[in-house]
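Okay, so here's the structure we're looking at.
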Amino acid sequence: MSDAAVSAELRDVAGPSAVGGGRQRFFELLYLVSVTEFKKAYFGTVLGYVWSLIRPLMLFAVLLFVFTQIFRVGSQVPHYPVLLLFNVVVFTFFQEASIASVTSVLSQEGVVRKTQFPRLVIPLAVVLTGLFNLGLNLIAVFIFILAFGVGPLWTWLLLPVLILVLTVLTTAVAMLLSSLYVRFRDVEIIWSVLVTVLFYGTPLLYPLELAPERFHELLFLNPLTPLFVEARHLIIDPGAPGAVSAAGGWLHLAPSMAIFIGICGCAVAVFNRAAPRIAEEL
Amino acid sequence: MSTDQATKAPSPPIPPRAGTAPVSIEVRDLEKSFRIPTHRIDSFKERAVHPFARAEYRELRALREVSFDVHRGEFFGIVGRNGSGKSTLLKILASIYRADAGTVRVAGQVAPFIELGVGFNPELTARENVVLNGVMMGLSRRESQRRLEAVLDFAELQEFVDLKLKNYSSGMLVRLAFSVVAESYADILLIDEVLAVGDAAFQRKCAEVFSEMRTSSRTIVLVTHDMSAIDSYCDRAMLVHDGELAYIGDPHEVGRRYFRQNFADPPVGSGHRRGIPDLHARLVDARLEDREGRSVTTVQVDEPIRIRVVLEARRDLVNPRFGFECRTPEGVTIFGFRRSLDAEDGGPARLEQGRRATVTGTVENALTPGTYFIRCWVVSDADEDEVAMQFIDIFKFEVVGDRRGKGLVSLPAEVQITTEDGEDE
């Protein structure tokens, strides 16, 4: 270290924040932490990555049995098995990432309290790890879809856009939950219930048209609904209506968009407010 | 940490830096309070039950109007008791806590760690951890890769590079942690209690690194309780007491003040007036005195130890004998003395219930610097042939000063060496 390299200029110490410490450092840390989490989750177990596929597959198998053999919803819906599989895998990403994020900041207590660590990296890494999983799982899902005789379709190219929108929402939820959890420990329980509500409150198991008309507006308040409706249209069944036509025009999509933006805005505001004090509150 | 190790560290002559080198850390009127919840609302339920309840807090002022400068290349020590605010100060310097008021300005990059080995992930290998650590320090992943060799060389752990840290011994872990700091590129290093690491050989190496760091342009802030480390490494030091800057300057003076202050306040858990319930005698007063009869808690080496104890008899004591023992914290008795109460007339000596006896004793001090405890015992003749005995732990005290030597006491000795030719074979 030469003397010349040492800057003699005094500058203010910024204090802790969500992204503090430079952009390069932020992204490098985000990458390393996500990869670490991913490895940790799957390299210690015998079946490794396979587990992350088996879990949604088993859920899918059970649901498929229930909804085709018992409720017989499936028989009225074209390509129901692959639609169900796709929906379950995508929702699993949202579910697992958001649940894992709740306790993420707290579980990194040592790092948060003893190092200058950009706090936002922690929930983001959880989402990113989930995204790695989703990417791998989707490869398997698309093999099933092709084997089932659907596609390939040009509209599949729009899948990344859908995933991006879902990732933004998941990230916002993760930021909100992880920073609230530091102050309010019941967030964990509340969220585990809410996520189940969302599982049934999003047209995953059933296509939208099977839900009574009077509930459609309610369902469309859920920002996940337009995503899954649109995904069905783009990926599985071009004959099914897209989000705009299913909602009955752009105007009817406005509430869910507003909620989406509201969640993102809240997430940024709450996380930024909480970030400098997280080390003290823990 | 062995004191000997630290004192053996080579101390190259360091030019006084204060005043000449540019300022590297500038702290002005720093304030930090913590709100300690007395009744914390940490669930929505409580919030719902008491919607208008203001959370009750107790303000704890961890730092008050602290201002100081550290110059570039300085080895700066921060000393203080637990809870004095020194770690809070370090955390603010490292951007872990946010200051309430005041400014902190630094020149150059500050290492983002305050403790050794923080951020190490036990599930990762040494290689991955060192890379992660480098990135934490603000390097790119590639630069961090390049640094790996240097770190492993220093730690002498090349053969364990792909071993997960959870399988490391604690000594290896500490070596790796220290090496990461030693090989860091940060201009300002913040170090909290790290000198007690590794085996003797590695400690020597650490001492060399510290000496090297002193001569480099790096600024080092060291928080420690270890006065010998402050003495042997620091150019300047500062004493923090109850969140306030108590003294800044000469490390030796800081050490002296730290010791004095440490034992002037009521000792916590020092064994003061502990022991079995008052059976035969009750301790009224016990103190260590200096020459003028003032109560003190430290004794300079070579200064006699003066003990003054007032005891009150809880029952009639027949032929009472009072004894004192000076013990180490481990419970080894170093010396003791005893005295019987003289009988006033021909019969047995007697201290009636409720009467007080003042015992004073002066002992030549041959103790080496350290902490010692004084225990008092009272023996009296009980019925017939029996004696009753009671031990009372009275206080602890500190011997301070420069005398260094092996063992608990240093005794006057005269040593001669003569030489002569050996017999040829």
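Please note that chains go A, B, ... in the order of the structure tokens, that every chain numbers its residues from 1, and that ligands are numbered from 1 in the order shown.
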
Report task. Compute the set of chain B residues within 7 Å of chain A, using only C-alpha atoms, and express it as a PyMOL selection string. Result -> chain B and resi 42-44+94-98+104-108+112-115+118-119+132+135-136+138+140-141+187+217

If you run DSSP on the backbone, which residues of stretch 200-321 of chain B are strand (DSSP E), as an mmCIF file with N, CA and C atoms, in the first residue's frame?
```cif
data_model
loop_
_atom_site.group_PDB
_atom_site.id
_atom_site.type_symbol
_atom_site.label_atom_id
_atom_site.label_comp_id
_atom_site.auth_asym_id
_atom_site.auth_seq_id
_atom_site.Cartn_x
_atom_site.Cartn_y
_atom_site.Cartn_z
ATOM 1 N N THR B 219 -3.820 3.435 9.206
ATOM 2 C CA THR B 219 -4.267 3.899 10.514
ATOM 3 C C THR B 219 -4.975 2.738 11.192
ATOM 4 N N ILE B 220 -4.632 2.515 12.432
ATOM 5 C CA ILE B 220 -5.237 1.381 13.125
ATOM 6 C C ILE B 220 -5.869 1.853 14.423
ATOM 7 N N VAL B 221 -7.121 1.476 14.602
ATOM 8 C CA VAL B 221 -7.802 1.783 15.852
ATOM 9 C C VAL B 221 -8.037 0.457 16.564
ATOM 10 N N LEU B 222 -7.518 0.366 17.752
ATOM 11 C CA LEU B 222 -7.570 -0.892 18.486
ATOM 12 C C LEU B 222 -8.359 -0.686 19.771
ATOM 13 N N VAL B 223 -9.377 -1.504 19.954
ATOM 14 C CA VAL B 223 -10.140 -1.466 21.205
ATOM 15 C C VAL B 223 -9.746 -2.683 22.012
ATOM 16 N N ARG B 236 -0.863 6.541 20.533
ATOM 17 C CA ARG B 236 -1.697 7.318 21.446
ATOM 18 C C ARG B 236 -2.877 6.455 21.830
ATOM 19 N N ALA B 237 -3.519 6.818 22.904
ATOM 20 C CA ALA B 237 -4.691 6.056 23.308
ATOM 21 C C ALA B 237 -5.680 6.998 23.956
ATOM 22 N N MET B 238 -6.871 6.455 24.155
ATOM 23 C CA MET B 238 -7.934 7.287 24.692
ATOM 24 C C MET B 238 -8.751 6.446 25.653
ATOM 25 N N LEU B 239 -9.180 7.078 26.729
ATOM 26 C CA LEU B 239 -9.955 6.381 27.745
ATOM 27 C C LEU B 239 -11.387 6.880 27.678
ATOM 28 N N VAL B 240 -12.327 5.957 27.530
ATOM 29 C CA VAL B 240 -13.741 6.312 27.475
ATOM 30 C C VAL B 240 -14.390 5.862 28.770
ATOM 31 N N HIS B 241 -15.149 6.756 29.371
ATOM 32 C CA HIS B 241 -15.820 6.396 30.610
ATOM 33 C C HIS B 241 -17.245 6.906 30.549
ATOM 34 N N GLU B 244 -18.205 9.202 27.806
ATOM 35 C CA GLU B 244 -17.472 10.446 27.634
ATOM 36 C C GLU B 244 -15.986 10.172 27.481
ATOM 37 N N LEU B 245 -15.371 11.078 26.781
ATOM 38 C CA LEU B 245 -13.938 10.978 26.612
ATOM 39 C C LEU B 245 -13.281 11.409 27.924
ATOM 40 N N ALA B 246 -12.608 10.478 28.588
ATOM 41 C CA ALA B 246 -12.046 10.796 29.901
ATOM 42 C C ALA B 246 -10.608 11.288 29.781
ATOM 43 N N TYR B 247 -9.887 10.718 28.828
ATOM 44 C CA TYR B 247 -8.494 11.130 28.685
ATOM 45 C C TYR B 247 -8.019 10.715 27.306
ATOM 46 N N ILE B 248 -7.154 11.512 26.724
ATOM 47 C CA ILE B 248 -6.584 11.119 25.444
ATOM 48 C C ILE B 248 -5.125 11.528 25.454
ATOM 49 N N GLY B 249 -4.290 10.645 24.980
ATOM 50 C CA GLY B 249 -2.872 10.987 24.944
ATOM 51 C C GLY B 249 -1.979 9.778 25.151
ATOM 52 N N ARG B 274 -19.277 -10.710 50.797
ATOM 53 C CA ARG B 274 -20.018 -11.901 50.437
ATOM 54 C C ARG B 274 -19.703 -12.943 51.499
ATOM 55 N N GLY B 275 -20.071 -14.142 51.280
ATOM 56 C CA GLY B 275 -19.667 -15.192 52.202
ATOM 57 C C GLY B 275 -20.821 -15.666 53.046
ATOM 58 N N ALA B 281 -19.225 -12.787 63.518
ATOM 59 C CA ALA B 281 -18.847 -11.383 63.412
ATOM 60 C C ALA B 281 -19.430 -10.801 62.139
ATOM 61 N N ARG B 282 -19.676 -9.525 62.193
ATOM 62 C CA ARG B 282 -20.213 -8.849 61.022
ATOM 63 C C ARG B 282 -19.178 -7.828 60.555
ATOM 64 N N LEU B 283 -19.032 -7.777 59.248
ATOM 65 C CA LEU B 283 -18.071 -6.832 58.694
ATOM 66 C C LEU B 283 -18.699 -5.442 58.679
ATOM 67 N N VAL B 284 -18.101 -4.506 59.376
ATOM 68 C CA VAL B 284 -18.636 -3.143 59.389
ATOM 69 C C VAL B 284 -17.957 -2.311 58.306
ATOM 70 N N ASP B 285 -16.668 -2.443 58.234
ATOM 71 C CA ASP B 285 -15.935 -1.658 57.243
ATOM 72 C C ASP B 285 -14.654 -2.412 56.905
ATOM 73 N N ALA B 286 -14.278 -2.343 55.664
ATOM 74 C CA ALA B 286 -13.021 -2.973 55.277
ATOM 75 C C ALA B 286 -12.441 -2.150 54.162
ATOM 76 N N ARG B 287 -11.221 -1.761 54.275
ATOM 77 C CA ARG B 287 -10.647 -0.985 53.186
ATOM 78 C C ARG B 287 -9.142 -1.097 53.134
ATOM 79 N N LEU B 288 -8.691 -0.732 51.954
ATOM 80 C CA LEU B 288 -7.269 -0.641 51.705
ATOM 81 C C LEU B 288 -6.946 0.843 51.840
ATOM 82 N N GLU B 289 -5.860 1.161 52.517
ATOM 83 C CA GLU B 289 -5.558 2.571 52.738
ATOM 84 C C GLU B 289 -4.210 2.932 52.150
ATOM 85 N N SER B 295 -9.013 5.767 51.584
ATOM 86 C CA SER B 295 -9.393 4.477 51.022
ATOM 87 C C SER B 295 -8.954 4.391 49.554
ATOM 88 N N VAL B 296 -8.295 3.332 49.204
ATOM 89 C CA VAL B 296 -7.855 3.144 47.820
ATOM 90 C C VAL B 296 -8.159 1.710 47.404
ATOM 91 N N THR B 298 -6.067 0.453 44.645
ATOM 92 C CA THR B 298 -4.881 -0.017 43.952
ATOM 93 C C THR B 298 -3.666 0.301 44.813
ATOM 94 N N VAL B 299 -2.679 -0.514 44.644
ATOM 95 C CA VAL B 299 -1.433 -0.302 45.375
ATOM 96 C C VAL B 299 -0.315 -0.299 44.360
ATOM 97 N N GLN B 300 0.545 0.685 44.458
ATOM 98 C CA GLN B 300 1.726 0.674 43.590
ATOM 99 C C GLN B 300 2.677 -0.425 44.066
ATOM 100 N N ILE B 305 1.133 -2.659 51.682
ATOM 101 C CA ILE B 305 -0.304 -2.913 51.638
ATOM 102 C C ILE B 305 -0.857 -2.635 53.036
ATOM 103 N N ARG B 306 -1.774 -1.690 53.114
ATOM 104 C CA ARG B 306 -2.339 -1.337 54.423
ATOM 105 C C ARG B 306 -3.803 -1.727 54.447
ATOM 106 N N ILE B 307 -4.146 -2.580 55.392
ATOM 107 C CA ILE B 307 -5.524 -3.066 55.470
ATOM 108 C C ILE B 307 -6.138 -2.582 56.774
ATOM 109 N N ARG B 308 -7.378 -2.149 56.696
ATOM 110 C CA ARG B 308 -8.065 -1.704 57.909
ATOM 111 C C ARG B 308 -9.459 -2.308 57.876
ATOM 112 N N VAL B 309 -9.796 -3.069 58.916
ATOM 113 C CA VAL B 309 -11.058 -3.785 58.943
ATOM 114 C C VAL B 309 -11.733 -3.560 60.288
ATOM 115 N N VAL B 310 -13.013 -3.268 60.246
ATOM 116 C CA VAL B 310 -13.779 -3.135 61.482
ATOM 117 C C VAL B 310 -14.804 -4.257 61.528
ATOM 118 N N LEU B 311 -14.779 -5.004 62.600
ATOM 119 C CA LEU B 311 -15.693 -6.133 62.753
ATOM 120 C C LEU B 311 -16.535 -5.936 64.003
ATOM 121 N N GLU B 312 -17.772 -6.393 63.929
ATOM 122 C CA GLU B 312 -18.637 -6.303 65.097
ATOM 123 C C GLU B 312 -19.019 -7.717 65.531
ATOM 124 N N ALA B 313 -18.876 -7.996 66.798
ATOM 125 C CA ALA B 313 -19.185 -9.338 67.295
ATOM 126 C C ALA B 313 -20.693 -9.550 67.298
ATOM 127 N N LEU B 317 -17.500 -13.397 71.837
ATOM 128 C CA LEU B 317 -16.395 -14.164 71.273
ATOM 129 C C LEU B 317 -15.329 -14.335 72.361
ATOM 130 N N VAL B 318 -14.944 -15.569 72.585
ATOM 131 C CA VAL B 318 -13.948 -15.880 73.605
ATOM 132 C C VAL B 318 -12.612 -16.115 72.914
ATOM 133 N N ASN B 319 -11.593 -15.414 73.396
ATOM 134 C CA ASN B 319 -10.266 -15.528 72.791
ATOM 135 C C ASN B 319 -10.295 -15.372 71.274
ATOM 136 N N PRO B 320 -10.872 -14.281 70.798
ATOM 137 C CA PRO B 320 -10.967 -14.168 69.334
ATOM 138 C C PRO B 320 -9.599 -13.950 68.699
ATOM 139 N N ARG B 321 -9.406 -14.609 67.559
ATOM 140 C CA ARG B 321 -8.202 -14.397 66.755
ATOM 141 C C ARG B 321 -8.673 -13.916 65.374
#
```

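Going from atom CA of A:Glu230 to atom CA of A:Phe38 covers 29.3 Å.
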
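The spacing separating atom CA of A:Tyr200 from atom CA of A:Thr68 amounts to 17.0 Å.
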
Query - Long-range neighbours of B:Phe178 as an NGL selection string, 9 Å cut-off, only C-alpha atoms, 3 positions minimum in chain - result: :B and (116-117 or 155 or 173-175 or 181-183 or 194 or 197 or 206)

Report summary line: Shortest contact to B:Ile374, candidates B:Arg147, B:Arg356, B:Arg338, B:Arg327, atoms counted only C-alpha atoms, goes to B:Arg327

Report task. Counting only C-alpha atoms, figure out which residue out of A:Leu134, A:Glu217, A:Leu177, A:Leu198 gets nearest to A:Thr103. Result ->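 The shortest atom-to-atom distance to A:Thr103 comes from A:Leu177.
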
**Report entry** Computed interatomic separation between atom CA of B:Asn365 and atom CA of B:Lys406 (Å)
**Finding:**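 Pair atom CA of B:Asn365 / atom CA of B:Lys406 returns 15.5 Å.
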
Neighbour list for stretch 59-69 of chain B as a PDB file with C-alpha atoms, in the first residue's frame, cut-off 9 Å, only C-alpha atoms, skip fewer than 2 positions in-chain:
```
ATOM      1  CA  VAL B  23      -5.908  13.687   9.997  1.00  0.00           C
ATOM      2  CA  SER B  24      -7.312  10.306   9.087  1.00  0.00           C
ATOM      3  CA  ILE B  25     -10.333  10.121  11.352  1.00  0.00           C
ATOM      4  CA  GLU B  26     -12.054  13.219  12.595  1.00  0.00           C
ATOM      5  CA  VAL B  27     -14.821  12.876  15.163  1.00  0.00           C
ATOM      6  CA  ARG B  28     -16.714  15.924  16.358  1.00  0.00           C
ATOM      7  CA  ASP B  29     -19.367  16.124  19.069  1.00  0.00           C
ATOM      8  CA  LEU B  30     -20.484  12.589  18.484  1.00  0.00           C
ATOM      9  CA  GLU B  31     -23.701  11.633  20.235  1.00  0.00           C
ATOM     10  CA  LYS B  32     -25.421   8.314  20.346  1.00  0.00           C
ATOM     11  CA  SER B  33     -28.327   7.206  22.484  1.00  0.00           C
ATOM     12  CA  PHE B  34     -30.092   3.926  22.591  1.00  0.00           C
ATOM     13  CA  ARG B  35     -33.690   3.606  23.508  1.00  0.00           C
ATOM     14  CA  ILE B  36     -33.954   0.726  25.882  1.00  0.00           C
ATOM     15  CA  PRO B  37     -37.567  -0.373  25.894  1.00  0.00           C
ATOM     16  CA  TYR B  57     -38.230   3.819  26.678  1.00  0.00           C
ATOM     17  CA  HIS B  71      -3.758  10.912  12.384  1.00  0.00           C
ATOM     18  CA  GLY B  83     -20.509  -0.605  28.542  1.00  0.00           C
ATOM     19  CA  SER B  84     -18.422   2.546  28.425  1.00  0.00           C
ATOM     20  CA  GLY B  85     -19.361   3.124  24.804  1.00  0.00           C
ATOM     21  CA  LYS B  86     -16.128   2.150  23.116  1.00  0.00           C
ATOM     22  CA  THR B  88     -20.537   1.788  20.011  1.00  0.00           C
ATOM     23  CA  LEU B  89     -17.917   4.278  18.910  1.00  0.00           C
ATOM     24  CA  ALA B 101     -25.568  13.933  16.217  1.00  0.00           C
ATOM     25  CA  GLY B 102     -22.084  15.076  15.417  1.00  0.00           C
ATOM     26  CA  ASP B 242     -19.633   6.374  30.667  1.00  0.00           C
ATOM     27  CA  GLY B 243     -19.816   7.542  27.084  1.00  0.00           C
ATOM     28  CA  GLU B 244     -17.472  10.446  27.634  1.00  0.00           C
ATOM     29  CA  LEU B 245     -13.938  10.978  26.612  1.00  0.00           C
ATOM     30  CA  ILE B 248      -6.584  11.119  25.444  1.00  0.00           C
TER      31      ILE B 248
END
```

Query raised in the report: Can you list every residue in stretch 171-266 of chain A that DSSP puts in alpha helix (DSSP H), as a PyMOL selection string?
Result: chain A and resi 171-183+187-201+216-219+224-231+243-247+250-266

Query - Minimum-distance residue to B:Pro22, chosen among B:Arg218, B:Arg81, B:Lys205, B:Arg294 (using only C-alpha atoms) - result: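 Using only C-alpha atoms, the shortest distance to B:Pro22 belongs to B:Arg218.
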
Query raised in the report: Residues at most 9 Å from A:Val73, counting only C-alpha atoms, excluding those fewer than 6 positions away in the same chain, as number ranges by chain?
Result: A: 67, 80, 205-206, 210
